[in-house]
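Containing JSON, C-alpha atoms: upload-v1.json.
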```json
[["chain", "number", "residue", "atom", "x", "y", "z"],
["A", 1, "ALA", "CA", 96.68, 116.64, 100.55],
["A", 2, "VAL", "CA", 94.35, 115.19, 97.92],
["A", 3, "ARG", "CA", 95.01, 118.13, 95.62],
["A", 4, "PHE", "CA", 98.77, 117.62, 96.05],
["A", 5, "LEU", "CA", 98.52, 113.90, 95.23],
["A", 6, "ARG", "CA", 96.48, 114.64, 92.12],
["A", 7, "LYS", "CA", 98.99, 117.29, 91.04],
["A", 8, "ILE", "CA", 101.97, 114.91, 91.21],
["A", 9, "ARG", "CA", 99.84, 112.19, 89.61],
["A", 10, "ALA", "CA", 100.02, 109.85, 92.59],
["A", 11, "TRP", "CA", 96.25, 109.57, 93.06],
["A", 12, "LYS", "CA", 96.10, 106.37, 90.99],
["A", 13, "ASP", "CA", 97.95, 104.57, 93.77],
["A", 14, "ILE", "CA", 95.30, 105.74, 96.24],
["A", 15, "GLU", "CA", 92.56, 104.51, 93.91],
["A", 16, "LYS", "CA", 94.25, 101.08, 93.95],
["A", 17, "VAL", "CA", 94.01, 101.14, 97.75],
["A", 18, "TYR", "CA", 90.30, 102.00, 97.60],
["A", 19, "GLU", "CA", 89.66, 99.18, 95.10],
["A", 20, "SER", "CA", 91.58, 96.63, 97.17],
["A", 21, "GLN", "CA", 89.60, 97.12, 100.39],
["A", 22, "ARG", "CA", 87.91, 93.83, 101.23],
["A", 23, "PHE", "CA", 87.00, 91.58, 104.13],
["A", 24, "ARG", "CA", 89.67, 89.24, 105.41],
["A", 25, "ALA", "CA", 89.21, 85.52, 104.87],
["A", 26, "GLY", "CA", 89.15, 83.25, 107.90],
["A", 27, "LYS", "CA", 88.80, 83.87, 111.61],
["A", 28, "GLY", "CA", 90.73, 87.11, 111.66],
["A", 29, "LYS", "CA", 87.40, 88.90, 111.28],
["A", 30, "MET", "CA", 86.45, 87.79, 114.79],
["A", 31, "ARG", "CA", 89.78, 89.03, 116.14],
["A", 32, "ASN", "CA", 89.25, 92.68, 115.16],
["A", 33, "ARG", "CA", 91.18, 92.38, 111.90],
["A", 34, "ARG", "CA", 88.16, 92.60, 109.60],
["A", 35, "ARG", "CA", 89.46, 94.51, 106.61],
["A", 36, "VAL", "CA", 92.59, 94.26, 104.50],
["A", 37, "GLN", "CA", 93.85, 96.66, 101.86],
["A", 38, "LYS", "CA", 96.91, 97.35, 99.75],
["A", 39, "LEU", "CA", 99.56, 99.76, 100.94],
["A", 40, "GLY", "CA", 99.79, 103.11, 99.22],
["A", 41, "PRO", "CA", 102.64, 105.60, 99.04],
["A", 42, "VAL", "CA", 104.76, 106.65, 101.99],
["A", 43, "VAL", "CA", 105.49, 110.33, 102.65],
["A", 44, "ILE", "CA", 108.91, 110.94, 104.21],
["A", 45, "TYR", "CA", 109.31, 114.31, 105.89],
["A", 46, "GLY", "CA", 111.99, 116.16, 107.81],
["A", 47, "LYS", "CA", 109.90, 118.84, 109.48],
["A", 48, "ASP", "CA", 106.24, 118.23, 110.24],
["A", 49, "SER", "CA", 104.33, 121.43, 109.59],
["A", 50, "GLY", "CA", 100.85, 119.91, 109.52],
["A", 51, "LEU", "CA", 101.85, 117.25, 107.01],
["A", 52, "THR", "CA", 100.88, 114.24, 109.15],
["A", 53, "ARG", "CA", 97.47, 115.71, 109.86],
["A", 54, "ALA", "CA", 96.88, 116.39, 106.18],
["A", 55, "PHE", "CA", 97.65, 112.82, 105.09],
["A", 56, "ARG", "CA", 96.32, 110.77, 108.02],
["A", 57, "ASN", "CA", 92.74, 110.47, 106.73],
["A", 58, "ILE", "CA", 93.73, 109.09, 103.32],
["A", 59, "PRO", "CA", 93.77, 105.28, 103.37],
["A", 60, "GLY", "CA", 96.99, 103.48, 102.53],
["A", 61, "ILE", "CA", 99.28, 106.48, 103.02],
["A", 62, "GLU", "CA", 101.87, 106.43, 105.79],
["A", 63, "THR", "CA", 103.98, 109.34, 106.97],
["A", 64, "ILE", "CA", 107.45, 108.74, 108.39],
["A", 65, "ASN", "CA", 109.98, 111.11, 109.89],
["A", 66, "VAL", "CA", 113.34, 110.83, 108.14],
["A", 67, "GLU", "CA", 115.06, 110.33, 111.51],
["A", 68, "LYS", "CA", 112.95, 107.22, 112.16],
["A", 69, "LEU", "CA", 113.19, 105.48, 108.80],
["A", 70, "ASN", "CA", 112.29, 101.81, 108.96],
["A", 71, "LEU", "CA", 113.10, 99.23, 106.32],
["A", 72, "LEU", "CA", 109.80, 97.41, 106.86],
["A", 73, "ARG", "CA", 107.90, 100.61, 106.12],
["A", 74, "LEU", "CA", 109.94, 101.34, 102.98],
["A", 75, "ALA", "CA", 109.83, 97.73, 101.72],
["A", 76, "PRO", "CA", 106.88, 95.98, 103.41],
["A", 77, "GLY", "CA", 107.15, 92.22, 103.43],
["A", 78, "GLY", "CA", 110.67, 92.45, 102.03],
["A", 79, "HIS", "CA", 109.38, 93.56, 98.62],
["A", 80, "VAL", "CA", 111.31, 96.58, 97.41],
["A", 81, "GLY", "CA", 109.54, 99.19, 95.34],
["A", 82, "ARG", "CA", 107.07, 101.09, 97.50],
["A", 83, "PHE", "CA", 106.31, 104.55, 96.13],
["A", 84, "CYS", "CA", 108.09, 107.11, 98.35],
["A", 85, "ILE", "CA", 107.32, 110.82, 98.33],
["A", 86, "TRP", "CA", 110.23, 112.76, 99.83],
["A", 87, "THR", "CA", 109.92, 116.32, 101.08],
["A", 88, "GLU", "CA", 112.66, 118.87, 100.60],
["A", 89, "SER", "CA", 113.39, 119.06, 104.34],
["A", 90, "ALA", "CA", 113.86, 115.28, 104.44],
["A", 91, "PHE", "CA", 116.54, 115.45, 101.76],
["A", 92, "ARG", "CA", 118.35, 118.17, 103.69],
["A", 93, "LYS", "CA", 118.38, 116.05, 106.85],
["A", 94, "LEU", "CA", 119.72, 112.97, 105.05],
["A", 95, "ASP", "CA", 123.19, 114.49, 104.69],
["A", 96, "GLU", "CA", 123.19, 115.43, 108.35],
["A", 97, "LEU", "CA", 122.06, 111.97, 109.47],
["A", 98, "TYR", "CA", 124.08, 109.68, 107.23],
["A", 99, "GLY", "CA", 126.79, 111.98, 105.89],
["A", 100, "THR", "CA", 128.11, 112.17, 102.35],
["A", 101, "TRP", "CA", 130.94, 110.48, 100.50],
["A", 102, "LYS", "CA", 133.34, 113.24, 101.51],
["A", 103, "ARG", "CA", 132.39, 113.90, 105.13],
["A", 104, "PRO", "CA", 131.11, 111.58, 107.87],
["A", 105, "SER", "CA", 127.77, 111.74, 109.61],
["A", 106, "LEU", "CA", 127.21, 114.51, 112.14],
["A", 107, "ARG", "CA", 124.70, 112.63, 114.29],
["A", 108, "LYS", "CA", 125.74, 108.97, 114.02],
["A", 109, "ARG", "CA", 129.29, 108.64, 115.30],
["A", 110, "GLY", "CA", 131.51, 106.27, 113.40],
["A", 111, "TYR", "CA", 128.97, 105.76, 110.60],
["A", 112, "ASN", "CA", 130.32, 106.00, 107.07],
["A", 113, "LEU", "CA", 128.43, 105.39, 103.87],
["A", 114, "PRO", "CA", 129.34, 101.97, 102.44]]
```

Kindly return the structure encoded in the file as structure tokens.
Amino acid sequence: AVRFLRKIRAWKDIEKVYESQRFRAGKGKMRNRRRVQKLGPVVIYGKDSGLTRAFRNIPGIETINVEKLNLLRLAPGGHVGRFCIWTESAFRKLDELYGTWKRPSLRKRGYNLP
């Protein structure tokens, strides 16, 4: 996973996460919320073939299944612009889930793209 992130030149975002790790100010330290850090990239996948296990030990990276996309994971705190790494299988499933301009969704009944 680290080799892949270095190859696509996304490792600088992980370095920002490492540099931002610090102790929380206030009483949150006593409430088992000791450390805070920036959020890194999110990896969106369609078929998990060991992908979640490969990325789970890297701080700041989240992995999300394309069927369970969540707006708060894609834009945490309402701030748009989180770095998303899409897999090929996730792009294939997008047409099936949400449909295209010409044909409606296969899984979500009555859903049309706006």

Counting all atoms listed in the file, what is within 8 Å of range 62-75 of chain A, bar same-chain residues fewer than 6 positions away, as a PDB file with C-alpha atoms, in the coordinates of the input?
```
ATOM      1  CA  GLY A  40      99.790 103.110  99.220  1.00  0.00           C
ATOM      2  CA  PRO A  41     102.640 105.600  99.040  1.00  0.00           C
ATOM      3  CA  VAL A  42     104.760 106.650 101.990  1.00  0.00           C
ATOM      4  CA  VAL A  43     105.490 110.330 102.650  1.00  0.00           C
ATOM      5  CA  ILE A  44     108.910 110.940 104.210  1.00  0.00           C
ATOM      6  CA  TYR A  45     109.310 114.310 105.890  1.00  0.00           C
ATOM      7  CA  GLY A  46     111.990 116.160 107.810  1.00  0.00           C
ATOM      8  CA  LYS A  47     109.900 118.840 109.480  1.00  0.00           C
ATOM      9  CA  THR A  52     100.880 114.240 109.150  1.00  0.00           C
ATOM     10  CA  PHE A  55      97.650 112.820 105.090  1.00  0.00           C
ATOM     11  CA  ARG A  56      96.320 110.770 108.020  1.00  0.00           C
ATOM     12  CA  GLY A  81     109.540  99.190  95.340  1.00  0.00           C
ATOM     13  CA  ARG A  82     107.070 101.090  97.500  1.00  0.00           C
ATOM     14  CA  CYS A  84     108.090 107.110  98.350  1.00  0.00           C
ATOM     15  CA  ALA A  90     113.860 115.280 104.440  1.00  0.00           C
ATOM     16  CA  LYS A  93     118.380 116.050 106.850  1.00  0.00           C
ATOM     17  CA  LEU A  94     119.720 112.970 105.050  1.00  0.00           C
ATOM     18  CA  LEU A  97     122.060 111.970 109.470  1.00  0.00           C
TER      19      LEU A  97
END
```

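Compared by their closest atoms to Ser49 in chain A, and using all atoms listed in the file, the residues A:Glu19, A:Ile61, A:Phe83, A:Ser89 rank with A:Ser89 nearest.
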
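In this structure, CA of Asp13 in chain A sits 23.7 Å away from CA of Ala25 in chain A.
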
Problem set entry | Interatomic distance (Å, one decimal) between CA of Asn32 in chain A and CA of His79 in chain A | 26.1 Å

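You can rank A:Arg3, A:Arg103, A:Arg31, A:Lys38 by their closest distance to Lys16 in chain A using only C-alpha atoms, and at the top of that list sits A:Lys38.
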
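Separating CA of Asn57 in chain A from CA of Ala1 in chain A is a distance of 9.6 Å.
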